[in-house]
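*Asks:* Data file model-v7.tsv (TSV, C-alpha atoms and all ligand atoms) is appended below.
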chain	number	residue	atom	x	y	z
A	205	MET	CA	-4.70	17.36	10.83
A	206	SER	CA	-4.97	17.49	14.58
A	207	ASN	CA	-1.75	15.54	15.15
A	208	PRO	CA	1.19	17.46	13.69
A	209	SER	CA	3.52	14.43	13.43
A	210	PRO	CA	3.20	11.88	10.66
A	211	LEU	CA	3.21	8.22	11.69
A	212	LEU	CA	5.12	7.27	8.56
A	213	GLU	CA	7.34	9.69	6.71
A	214	ILE	CA	9.07	8.70	3.49
A	215	VAL	CA	11.74	11.06	2.20
A	216	ASP	CA	13.26	10.79	-1.30
A	217	LEU	CA	12.86	7.03	-1.22
A	218	VAL	CA	14.56	5.10	-4.00
A	219	ARG	CA	14.43	1.38	-4.70
A	220	TYR	CA	16.17	0.04	-7.81
A	221	PHE	CA	16.40	-3.59	-8.94
A	222	PRO	CA	19.22	-4.85	-11.17
A	223	LEU	CA	18.18	-6.08	-14.62
A	224	ARG	CA	20.53	-8.88	-15.74
A	225	ASN	CA	21.33	-10.52	-19.04
A	226	ALA	CA	21.41	-14.30	-19.66
A	227	PHE	CA	24.92	-14.44	-18.12
A	228	GLY	CA	23.78	-12.79	-14.91
A	229	ARG	CA	25.57	-9.55	-15.67
A	230	ARG	CA	23.74	-6.38	-14.68
A	231	VAL	CA	22.78	-4.44	-17.80
A	232	ALA	CA	20.49	-1.80	-16.33
A	233	TRP	CA	18.48	-0.79	-13.30
A	234	LEU	CA	14.75	-1.06	-12.91
A	235	ARG	CA	13.87	2.20	-11.17
A	236	ALA	CA	10.79	0.84	-9.39
A	237	VAL	CA	10.62	3.66	-6.83
A	238	ASP	CA	12.52	6.75	-7.83
A	239	GLY	CA	12.53	9.59	-5.34
A	240	VAL	CA	9.20	9.36	-3.53
A	241	SER	CA	8.35	11.54	-0.54
A	242	LEU	CA	5.10	11.34	1.38
A	243	SER	CA	3.68	11.36	4.87
A	244	VAL	CA	0.99	9.15	6.36
A	245	TRP	CA	-0.88	10.64	9.32
A	246	PRO	CA	-2.11	8.71	12.35
A	247	GLY	CA	-5.55	7.22	11.82
A	248	GLU	CA	-5.85	8.09	8.14
A	249	THR	CA	-6.24	5.86	5.10
A	250	LEU	CA	-3.95	6.92	2.28
A	251	GLY	CA	-4.69	5.43	-1.14
A	252	LEU	CA	-1.84	4.50	-3.47
A	253	VAL	CA	-2.97	4.03	-7.06
A	254	GLY	CA	-1.54	3.56	-10.53
A	255	GLU	CA	-1.23	0.97	-13.25
A	256	SER	CA	0.39	-2.38	-12.65
A	257	GLY	CA	4.17	-1.91	-12.50
A	258	CYS	CA	4.02	1.75	-11.38
A	259	GLY	CA	5.91	0.93	-8.18
A	260	LYS	CA	3.10	1.16	-5.63
A	261	SER	CA	3.66	-2.31	-4.16
A	262	THR	CA	7.44	-1.83	-4.19
A	263	LEU	CA	6.95	1.45	-2.34
A	264	GLY	CA	4.80	-0.30	0.27
A	265	LYS	CA	7.21	-3.21	0.66
A	266	THR	CA	10.22	-0.90	0.95
A	267	ALA	CA	8.44	1.18	3.60
A	268	MET	CA	7.69	-2.07	5.42
A	269	GLY	CA	11.28	-3.31	5.34
A	270	ILE	CA	10.57	-6.23	2.97
A	271	TYR	CA	12.97	-4.51	0.52
A	272	THR	CA	15.99	-2.50	1.59
A	273	PRO	CA	15.90	1.08	0.30
A	274	THR	CA	18.49	1.93	-2.34
A	275	ALA	CA	18.46	5.48	-0.97
A	276	GLY	CA	16.27	7.79	1.06
A	277	ASP	CA	14.78	7.76	4.53
A	278	ILE	CA	11.84	6.00	6.16
A	279	ARG	CA	10.74	7.43	9.50
A	280	PHE	CA	8.20	5.65	11.64
A	281	ALA	CA	6.80	7.51	14.65
A	282	GLY	CA	9.70	9.94	14.30
A	283	ARG	CA	12.42	7.29	14.17
A	284	GLU	CA	14.54	6.51	11.11
A	285	ILE	CA	13.98	2.80	10.36
A	286	GLY	CA	15.06	2.39	6.74
A	287	HIS	CA	18.67	1.59	7.52
A	288	LEU	CA	18.46	-0.18	10.87
A	289	PRO	CA	20.46	-3.36	11.45
A	290	THR	CA	18.29	-6.47	10.89
A	291	ARG	CA	17.76	-7.27	14.56
A	292	GLU	CA	16.59	-3.76	15.43
A	293	ARG	CA	14.45	-3.59	12.30
A	294	ARG	CA	12.68	-6.78	13.41
A	295	ARG	CA	11.78	-5.09	16.68
A	296	VAL	CA	9.85	-2.33	14.93
A	297	ALA	CA	8.49	-4.73	12.30
A	298	LYS	CA	5.50	-5.75	14.35
A	299	ASP	CA	4.22	-2.16	14.36
A	300	LEU	CA	4.03	-2.17	10.55
A	301	GLN	CA	2.24	-5.01	8.85
A	302	TYR	CA	1.87	-5.77	5.16
A	303	VAL	CA	-1.34	-7.52	4.17
A	304	TYR	CA	-1.27	-9.33	0.86
A	305	GLN	CA	-4.34	-9.68	-1.32
A	306	ASP	CA	-5.42	-12.80	0.54
A	307	PRO	CA	-4.09	-12.82	4.10
A	308	GLY	CA	-5.66	-16.27	4.61
A	309	ALA	CA	-3.26	-17.76	2.06
A	310	SER	CA	-0.36	-17.27	4.47
A	311	LEU	CA	-1.87	-19.60	7.08
A	312	ASP	CA	0.12	-22.79	7.60
A	313	PRO	CA	-2.12	-25.64	6.32
A	314	ARG	CA	-0.66	-28.03	8.94
A	315	TRP	CA	-1.62	-25.81	11.87
A	316	LYS	CA	-4.98	-25.55	13.54
A	317	ILE	CA	-6.33	-21.99	13.60
A	318	VAL	CA	-5.69	-21.76	17.34
A	319	HIS	CA	-2.00	-22.52	16.76
A	320	SER	CA	-1.71	-19.93	13.96
A	321	LEU	CA	-3.19	-17.24	16.20
A	322	HIS	CA	-1.21	-18.01	19.35
A	323	GLU	CA	2.14	-18.33	17.57
A	324	PRO	CA	2.80	-14.59	16.95
A	325	LEU	CA	1.86	-13.81	20.55
A	326	LYS	CA	4.26	-16.47	21.85
A	327	ILE	CA	7.09	-15.03	19.76
A	328	HIS	CA	6.50	-11.32	20.28
A	329	THR	CA	4.94	-11.05	23.75
A	330	THR	CA	5.30	-12.45	27.26
A	331	LEU	CA	1.56	-13.05	27.68
A	332	SER	CA	0.49	-16.11	29.66
A	333	ARG	CA	-1.67	-18.73	27.98
A	334	THR	CA	-4.81	-17.31	29.61
A	335	GLU	CA	-3.92	-13.79	28.51
A	336	ARG	CA	-3.25	-15.03	24.97
A	337	GLU	CA	-6.62	-16.76	24.89
A	338	ARG	CA	-8.31	-13.54	26.00
A	339	GLU	CA	-6.46	-11.52	23.37
A	340	VAL	CA	-7.20	-14.01	20.59
A	341	GLY	CA	-10.89	-14.10	21.61
A	342	ALA	CA	-11.13	-10.30	21.47
A	343	ILE	CA	-9.51	-10.17	18.04
A	344	LEU	CA	-11.63	-12.99	16.64
A	345	SER	CA	-14.73	-11.21	17.80
A	346	ALA	CA	-13.52	-8.01	16.05
A	347	VAL	CA	-12.94	-9.83	12.73
A	348	GLY	CA	-16.21	-11.78	13.04
A	349	PHE	CA	-14.79	-15.29	13.29
A	350	PRO	CA	-16.44	-17.82	15.64
A	351	VAL	CA	-14.23	-18.99	18.51
A	352	ALA	CA	-15.88	-22.41	18.15
A	353	HIS	CA	-13.89	-22.90	14.91
A	354	LEU	CA	-10.48	-22.50	16.54
A	355	ASP	CA	-9.74	-26.22	16.32
A	356	LEU	CA	-10.28	-26.36	12.57
A	357	TYR	CA	-7.55	-26.40	9.90
A	358	PRO	CA	-7.43	-23.71	7.19
A	359	HIS	CA	-8.73	-26.08	4.49
A	360	GLU	CA	-11.89	-26.59	6.57
A	361	LEU	CA	-12.76	-22.88	6.34
A	362	SER	CA	-14.37	-20.91	3.53
A	363	GLY	CA	-12.21	-18.41	1.63
A	364	GLY	CA	-13.86	-15.53	3.52
A	365	GLN	CA	-13.20	-17.16	6.89
A	366	GLN	CA	-9.56	-17.78	5.96
A	367	ARG	CA	-9.17	-14.08	5.16
A	368	ARG	CA	-10.63	-13.15	8.54
A	369	VAL	CA	-8.23	-15.49	10.35
A	370	GLY	CA	-5.33	-14.12	8.30
A	371	LEU	CA	-6.28	-10.60	9.37
A	372	ALA	CA	-6.73	-11.73	12.98
A	373	ARG	CA	-3.21	-13.21	12.93
A	374	ILE	CA	-1.79	-9.86	11.83
A	375	LEU	CA	-3.83	-7.99	14.43
A	376	THR	CA	-2.52	-10.15	17.28
A	377	LEU	CA	0.70	-8.14	16.89
A	378	ARG	CA	-1.29	-4.93	17.47
A	379	PRO	CA	0.27	-3.07	14.52
A	380	ARG	CA	-0.07	0.68	14.22
A	381	LEU	CA	0.24	0.89	10.46
A	382	VAL	CA	-1.14	-1.67	8.03
A	383	ILE	CA	-0.35	-1.67	4.33
A	384	LEU	CA	-3.19	-3.34	2.43
A	385	ASP	CA	-2.07	-4.49	-1.02
A	386	GLU	CA	-5.01	-4.96	-3.42
A	387	PRO	CA	-7.21	-6.22	-0.55
A	388	THR	CA	-10.41	-6.45	-2.63
A	389	SER	CA	-8.93	-7.81	-5.83
A	390	GLY	CA	-10.74	-10.89	-7.12
A	391	LEU	CA	-13.74	-10.44	-4.79
A	392	ASP	CA	-17.23	-10.00	-6.15
A	393	VAL	CA	-18.98	-6.74	-5.32
A	394	SER	CA	-21.07	-7.98	-2.38
A	395	VAL	CA	-18.09	-9.64	-0.67
A	396	GLN	CA	-16.01	-6.55	-1.44
A	397	ALA	CA	-18.50	-4.36	0.45
A	398	SER	CA	-18.33	-6.57	3.55
A	399	VAL	CA	-14.51	-6.66	3.43
A	400	LEU	CA	-14.35	-2.85	3.22
A	401	LYS	CA	-16.78	-2.59	6.13
A	402	LEU	CA	-14.56	-4.94	8.12
A	403	PHE	CA	-11.46	-2.83	7.39
A	404	ARG	CA	-13.26	0.31	8.56
A	405	SER	CA	-14.46	-1.34	11.72
A	406	LEU	CA	-10.98	-2.76	12.50
A	407	GLN	CA	-9.48	0.67	11.90
A	408	ARG	CA	-11.75	2.15	14.57
A	409	THR	CA	-11.34	-0.73	17.05
A	410	PHE	CA	-7.55	-0.98	16.81
A	411	ALA	CA	-6.72	2.67	16.00
A	412	LEU	CA	-5.07	1.58	12.75
A	413	THR	CA	-3.52	3.72	10.07
A	414	TYR	CA	-3.85	2.29	6.56
A	415	VAL	CA	-1.96	2.59	3.32
A	416	PHE	CA	-4.40	1.21	0.79
A	417	ILE	CA	-2.81	0.01	-2.45
A	418	SER	CA	-5.31	-0.64	-5.21
A	419	HIS	CA	-5.90	-0.35	-8.92
A	420	ASP	CA	-9.65	-0.05	-8.20
A	421	LEU	CA	-10.36	3.66	-8.04
A	422	SER	CA	-13.97	3.23	-6.93
A	423	VAL	CA	-12.79	1.35	-3.85
A	424	VAL	CA	-10.09	3.95	-3.17
A	425	ARG	CA	-12.65	6.73	-3.42
A	426	ALA	CA	-14.83	4.94	-0.85
A	427	MET	CA	-11.99	4.18	1.57
A	428	CYS	CA	-9.33	6.88	1.41
A	429	ALA	CA	-9.23	10.46	2.63
A	430	ARG	CA	-6.12	11.16	0.55
A	431	ILE	CA	-4.76	9.63	-2.59
A	432	ALA	CA	-1.31	9.42	-4.15
A	433	VAL	CA	-1.13	8.61	-7.86
A	434	MET	CA	2.03	6.88	-9.08
A	435	TYR	CA	3.46	6.57	-12.57
A	436	LEU	CA	6.70	4.71	-13.30
A	437	GLY	CA	8.18	5.01	-9.85
A	438	LYS	CA	7.13	8.57	-9.11
A	439	ILE	CA	4.19	10.30	-7.49
A	440	VAL	CA	2.52	12.51	-10.07
A	441	GLU	CA	-0.40	13.77	-7.97
A	442	LEU	CA	-1.16	13.73	-4.25
A	443	GLY	CA	-4.11	15.29	-2.50
A	444	GLU	CA	-7.47	14.94	-0.80
A	445	THR	CA	-9.40	12.17	-2.54
A	446	ALA	CA	-12.57	14.24	-3.02
A	447	ALA	CA	-10.63	17.12	-4.60
A	448	VAL	CA	-8.58	14.86	-6.87
A	449	PHE	CA	-11.68	13.00	-8.07
A	450	GLU	CA	-13.56	16.26	-8.58
A	451	ASP	CA	-10.78	18.03	-10.42
A	452	PRO	CA	-7.75	15.87	-11.34
A	453	ARG	CA	-4.87	18.13	-12.36
A	454	HIS	CA	-2.29	15.72	-13.77
A	455	PRO	CA	-3.07	14.33	-17.25
A	456	TYR	CA	-2.28	10.81	-16.01
A	457	THR	CA	-4.76	11.15	-13.14
A	458	GLN	CA	-7.30	12.53	-15.60
A	459	SER	CA	-6.85	9.50	-17.82
A	460	LEU	CA	-7.22	7.08	-14.91
A	461	LEU	CA	-10.34	8.80	-13.61
A	462	ALA	CA	-11.91	9.05	-17.06
A	463	ALA	CA	-12.53	5.30	-16.83
A	464	VAL	CA	-14.33	5.54	-13.46
A	465	PRO	CA	-18.11	6.03	-13.49
A	466	ARG	CA	-19.00	9.52	-12.25
A	467	ILE	CA	-21.52	10.24	-9.54
A	468	GLY	CA	-24.48	11.95	-11.25
A	469	GLY	CA	-23.02	11.16	-14.66
A	470	ARG	CA	-20.46	14.00	-14.56
A	471	ARG	CA	-17.20	13.42	-16.37
A	472	VAL	CA	-13.79	14.91	-15.69
A	473	ALA	CA	-13.19	18.07	-17.69
A	474	PHE	CA	-10.35	16.54	-19.68
A	475	ASP	CA	-11.74	13.18	-20.62
A	476	PHE	CA	-9.47	10.79	-22.49
A	477	THR	CA	-8.57	7.17	-22.18
A	478	LEU	CA	-5.00	6.20	-21.65
A	479	GLU	CA	-3.46	4.60	-24.71
A	480	GLY	CA	-0.41	2.40	-25.08
A	481	GLU	CA	1.75	0.70	-22.51
A	482	PRO	CA	4.14	2.47	-20.15
A	483	PRO	CA	7.61	2.86	-21.71
A	484	ASN	CA	10.30	0.23	-21.31
A	485	PRO	CA	11.63	0.67	-17.76
A	486	ARG	CA	15.17	0.06	-19.08
A	487	ALA	CA	14.92	3.18	-21.20
A	488	LEU	CA	12.73	5.74	-19.48
A	489	PRO	CA	11.94	8.89	-21.46
A	490	SER	CA	13.87	12.07	-20.69
A	491	GLY	CA	12.04	14.78	-18.78
A	492	CYS	CA	8.51	13.80	-17.84
A	493	ARG	CA	8.05	10.02	-17.79
A	494	PHE	CA	4.47	10.35	-18.92
A	495	ARG	CA	5.25	12.39	-22.03
A	496	THR	CA	5.19	9.41	-24.44
A	497	ARG	CA	1.51	8.88	-23.59
A	498	CYS	CA	0.50	12.43	-22.80
A	499	PRO	CA	-1.62	14.23	-25.41
A	500	LEU	CA	-0.56	17.60	-23.95
A	501	ALA	CA	3.20	17.04	-24.14
A	502	GLN	CA	5.34	20.00	-25.25
A	503	ASP	CA	9.07	20.46	-25.87
A	504	VAL	CA	9.67	21.40	-22.25
A	505	CYS	CA	8.29	18.01	-21.16
A	506	ALA	CA	11.17	16.20	-22.90
A	507	ALA	CA	13.77	18.66	-21.67
A	508	GLU	CA	12.92	18.95	-17.97
A	509	GLU	CA	11.50	16.59	-15.39
A	510	PRO	CA	8.52	18.30	-13.73
A	511	PRO	CA	8.94	18.59	-9.95
A	512	LEU	CA	6.12	17.60	-7.60
A	513	ARG	CA	4.99	21.09	-6.59
A	514	GLU	CA	2.27	22.56	-4.40
A	515	LEU	CA	-0.83	23.53	-6.33
A	516	ASP	CA	-4.10	24.59	-4.69
A	517	GLY	CA	-3.69	22.40	-1.61
A	518	ARG	CA	-2.29	19.37	-3.41
A	519	ARG	CA	0.91	18.35	-5.15
A	520	VAL	CA	1.20	17.82	-8.89
A	521	ALA	CA	4.16	16.97	-11.15
A	522	CYS	CA	3.28	18.50	-14.49
A	523	HIS	CA	4.70	21.54	-16.30
A	524	LEU	CA	1.26	22.53	-17.55
A	525	ALA	CA	-0.84	21.96	-14.41
B	1	LIG	FE1	2.09	15.83	-20.02
B	1	LIG	FE2	4.15	17.52	-20.04
B	1	LIG	FE3	2.56	17.42	-17.95
B	1	LIG	FE4	4.21	15.42	-18.45
B	1	LIG	S1	4.79	17.51	-17.88
B	1	LIG	S2	2.11	15.26	-17.86
B	1	LIG	S3	4.16	15.39	-20.67
B	1	LIG	S4	2.00	18.07	-19.99
Represent the structure of the file as structure tokens.
Ligand code: SF4

*Replies:*
Amino acid sequence: MSNPSPLLEIVDLVRYFPLRNAFGRRVAWLRAVDGVSLSVWPGETLGLVGESGCGKSTLGKTAMGIYTPTAGDIRFAGREIGHLPTRERRRVAKDLQYVYQDPGASLDPRWKIVHSLHEPLKIHTTLSRTEREREVGAILSAVGFPVAHLDLYPHELSGGQQRRVGLARILTLRPRLVILDEPTSGLDVSVQASVLKLFRSLQRTFALTYVFISHDLSVVRAMCARIAVMYLGKIVELGETAAVFEDPRHPYTQSLLAAVPRIGGRRVAFDFTLEGEPPNPRALPSGCRFRTRCPLAQDVCAAEEPPLRELDGRRVACHLA
């Protein structure tokens, strides 16, 4: 990396949610994110993958400030932001934006598009009306939305156009880091390709850094230089995407990648399909959380939790890797 300082640095981040009984009494904790550390470098796209419920969205939302961390640190551009008072946190909030699956869905149906796009600029900047119009025009051109449609309401746009306006609204705040949560989910393959192309082009135009949350490993392989694989609140493997896809070292990563078509028909060396559901989050297994589904599990896996350790230029949490 040419820039030695990460834009986002997460250190031992923990986010638990209380699990309550019918009387509202807390009976356990859901350990959604349980001691995650990672860095995101300026200009990169980091993929965050894992099964539904593995904690990837909770990690993104906690990094964003949508959830308060239970413990751990979040540093953005060198500044600790995880425990700031609300007012100060709001000030940095515009630099980090969270994009839900369909950013167009967050548009107010009662507002014309022009109103939706000017509103964030009125709140967060001191730009004059003319300057706002110039800014909105530049962003609309970048997302490929015709300025002639500014006086329409969201329901008058196609789903694709709504997405573009939703993205434009986020970009008016000129964020530095954007967390994209399942941004291609539910799209057919041809639309998916154009959406990915748009993300790449916006990244170049606005010097964006992305965290790309997805369960679609083919999309992650196409978009991300690095990938972090999560299982039950922990990162189990983190490394360069090409290296991880070529030679996954954690059995969970191997099982995920076994389901992805290989370029040239090659399969991963250890090719098995993941069986069973993740364990009950109220009663996580001792030691390695993956051991109840891992065909390689040994006694040590129940006795000791494997640390995420350096291994050939990546990090892997497995006793046998
Ligand atoms: Fe499997 Fe043991 Fe490695 Fe966990 S530590 S992934 S149970 S081999």

*Asks:* Let me see if you get this right: every residue at most 12 Å from ligand LIG 1 (chain B), counting all atoms listed in the file, written as a PyMOL selection string.

*Replies:* chain A and resi 435+438-441+452-459+489-513+520-525

*Asks:* List as a list in words the protein and nucleic acid residues near region 348-358 of chain A, meaning an atom at most 6 Å away when all atoms listed in the file are counted, but skip any in the same chain fewer than 6 places from it.

*Replies:*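 Here the answer would be Pro313, Lys316, Ile317 and Val318 of chain A.
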
*Asks:* Just the number, please: distance in Å from CA of Tyr302 (chain A) to CA of Leu381 (chain A), one decimal.

*Replies:*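 Going from CA of Tyr302 (chain A) over to CA of Leu381 (chain A), I get 8.7 Å.
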
*Asks:* Tell me which protein, DNA and RNA residues are within 10 Å of Gly390 (chain A), counting only C-alpha atoms, leaving out same-chain ones fewer than 4 positions away, and put them as a list in words.

*Replies:*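 Returned residues: Gln305, Asp306, Glu386, Val395 and Gln396 of chain A.
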
*Asks:* Please produce a file of those selected residues containing C-alpha atoms, as an mmCIF file, keeping the file's coordinate frame.

*Replies:*
data_model
loop_
_atom_site.group_PDB
_atom_site.id
_atom_site.type_symbol
_atom_site.label_atom_id
_atom_site.label_comp_id
_atom_site.auth_asym_id
_atom_site.auth_seq_id
_atom_site.Cartn_x
_atom_site.Cartn_y
_atom_site.Cartn_z
ATOM 1 C CA GLN A 305 -4.340 -9.680 -1.320
ATOM 2 C CA ASP A 306 -5.420 -12.800 0.540
ATOM 3 C CA GLU A 386 -5.010 -4.960 -3.420
ATOM 4 C CA VAL A 395 -18.090 -9.640 -0.670
ATOM 5 C CA GLN A 396 -16.010 -6.550 -1.440
#

*Asks:* Write out as an mmCIF file with C-alpha atoms, in the coordinates of the input each polymer residue whose atoms come within 10 Å of Leu377 (chain A), counting all atoms listed in the file; drop sequence neighbours fewer than 6 positions from it.

*Replies:*
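out.cif was written with the following content:
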data_model
loop_
_atom_site.group_PDB
_atom_site.id
_atom_site.type_symbol
_atom_site.label_atom_id
_atom_site.label_comp_id
_atom_site.auth_asym_id
_atom_site.auth_seq_id
_atom_site.Cartn_x
_atom_site.Cartn_y
_atom_site.Cartn_z
ATOM 1 C CA ALA A 297 8.490 -4.730 12.300
ATOM 2 C CA LYS A 298 5.500 -5.750 14.350
ATOM 3 C CA ASP A 299 4.220 -2.160 14.360
ATOM 4 C CA LEU A 300 4.030 -2.170 10.550
ATOM 5 C CA GLN A 301 2.240 -5.010 8.850
ATOM 6 C CA LEU A 321 -3.190 -17.240 16.200
ATOM 7 C CA PRO A 324 2.800 -14.590 16.950
ATOM 8 C CA LEU A 325 1.860 -13.810 20.550
ATOM 9 C CA ILE A 327 7.090 -15.030 19.760
ATOM 10 C CA HIS A 328 6.500 -11.320 20.280
ATOM 11 C CA THR A 329 4.940 -11.050 23.750
#

*Asks:* Generate the missing atoms of region 412-423 of chain A up to N, CA, C and O atoms and report them as a short mmCIF file (atom, residue, chain, number, x, y, z; two decimals), in the frame of the given file.

*Replies:*
data_model
loop_
_atom_site.label_atom_id
_atom_site.label_comp_id
_atom_site.auth_asym_id
_atom_site.auth_seq_id
_atom_site.Cartn_x
_atom_site.Cartn_y
_atom_site.Cartn_z
N LEU A 412 -6.04 1.89 13.81
CA LEU A 412 -5.07 1.58 12.75
C LEU A 412 -4.93 2.75 11.77
O LEU A 412 -5.88 3.50 11.54
N THR A 413 -3.77 2.82 11.19
CA THR A 413 -3.52 3.72 10.07
C THR A 413 -3.31 2.81 8.85
O THR A 413 -2.59 1.81 8.96
N TYR A 414 -3.95 3.14 7.75
CA TYR A 414 -3.85 2.29 6.56
C TYR A 414 -3.15 3.00 5.41
O TYR A 414 -3.39 4.18 5.15
N VAL A 415 -2.34 2.22 4.68
CA VAL A 415 -1.96 2.59 3.32
C VAL A 415 -2.67 1.57 2.44
O VAL A 415 -2.49 0.36 2.62
N PHE A 416 -3.49 2.06 1.54
CA PHE A 416 -4.40 1.21 0.79
C PHE A 416 -3.96 1.20 -0.67
O PHE A 416 -4.18 2.17 -1.41
N ILE A 417 -3.32 0.11 -1.08
CA ILE A 417 -2.81 0.01 -2.45
C ILE A 417 -3.87 -0.68 -3.30
O ILE A 417 -4.31 -1.78 -2.97
N SER A 418 -4.27 -0.02 -4.38
CA SER A 418 -5.31 -0.64 -5.21
C SER A 418 -5.29 -0.05 -6.61
O SER A 418 -4.91 1.09 -6.82
N HIS A 419 -5.71 -0.89 -7.57
CA HIS A 419 -5.90 -0.35 -8.92
C HIS A 419 -7.38 0.01 -9.11
O HIS A 419 -7.75 0.56 -10.13
N ASP A 420 -8.20 -0.29 -8.09
CA ASP A 420 -9.65 -0.05 -8.20
C ASP A 420 -9.99 1.32 -7.61
O ASP A 420 -10.08 1.50 -6.40
N LEU A 421 -10.18 2.29 -8.51
CA LEU A 421 -10.36 3.66 -8.04
C LEU A 421 -11.68 3.87 -7.32
O LEU A 421 -11.78 4.73 -6.45
N SER A 422 -12.70 3.08 -7.64
CA SER A 422 -13.97 3.23 -6.93
C SER A 422 -13.80 2.85 -5.46
O SER A 422 -14.34 3.51 -4.56
N VAL A 423 -13.04 1.79 -5.22
CA VAL A 423 -12.79 1.35 -3.85
C VAL A 423 -11.94 2.39 -3.11
O VAL A 423 -12.20 2.73 -1.95
#
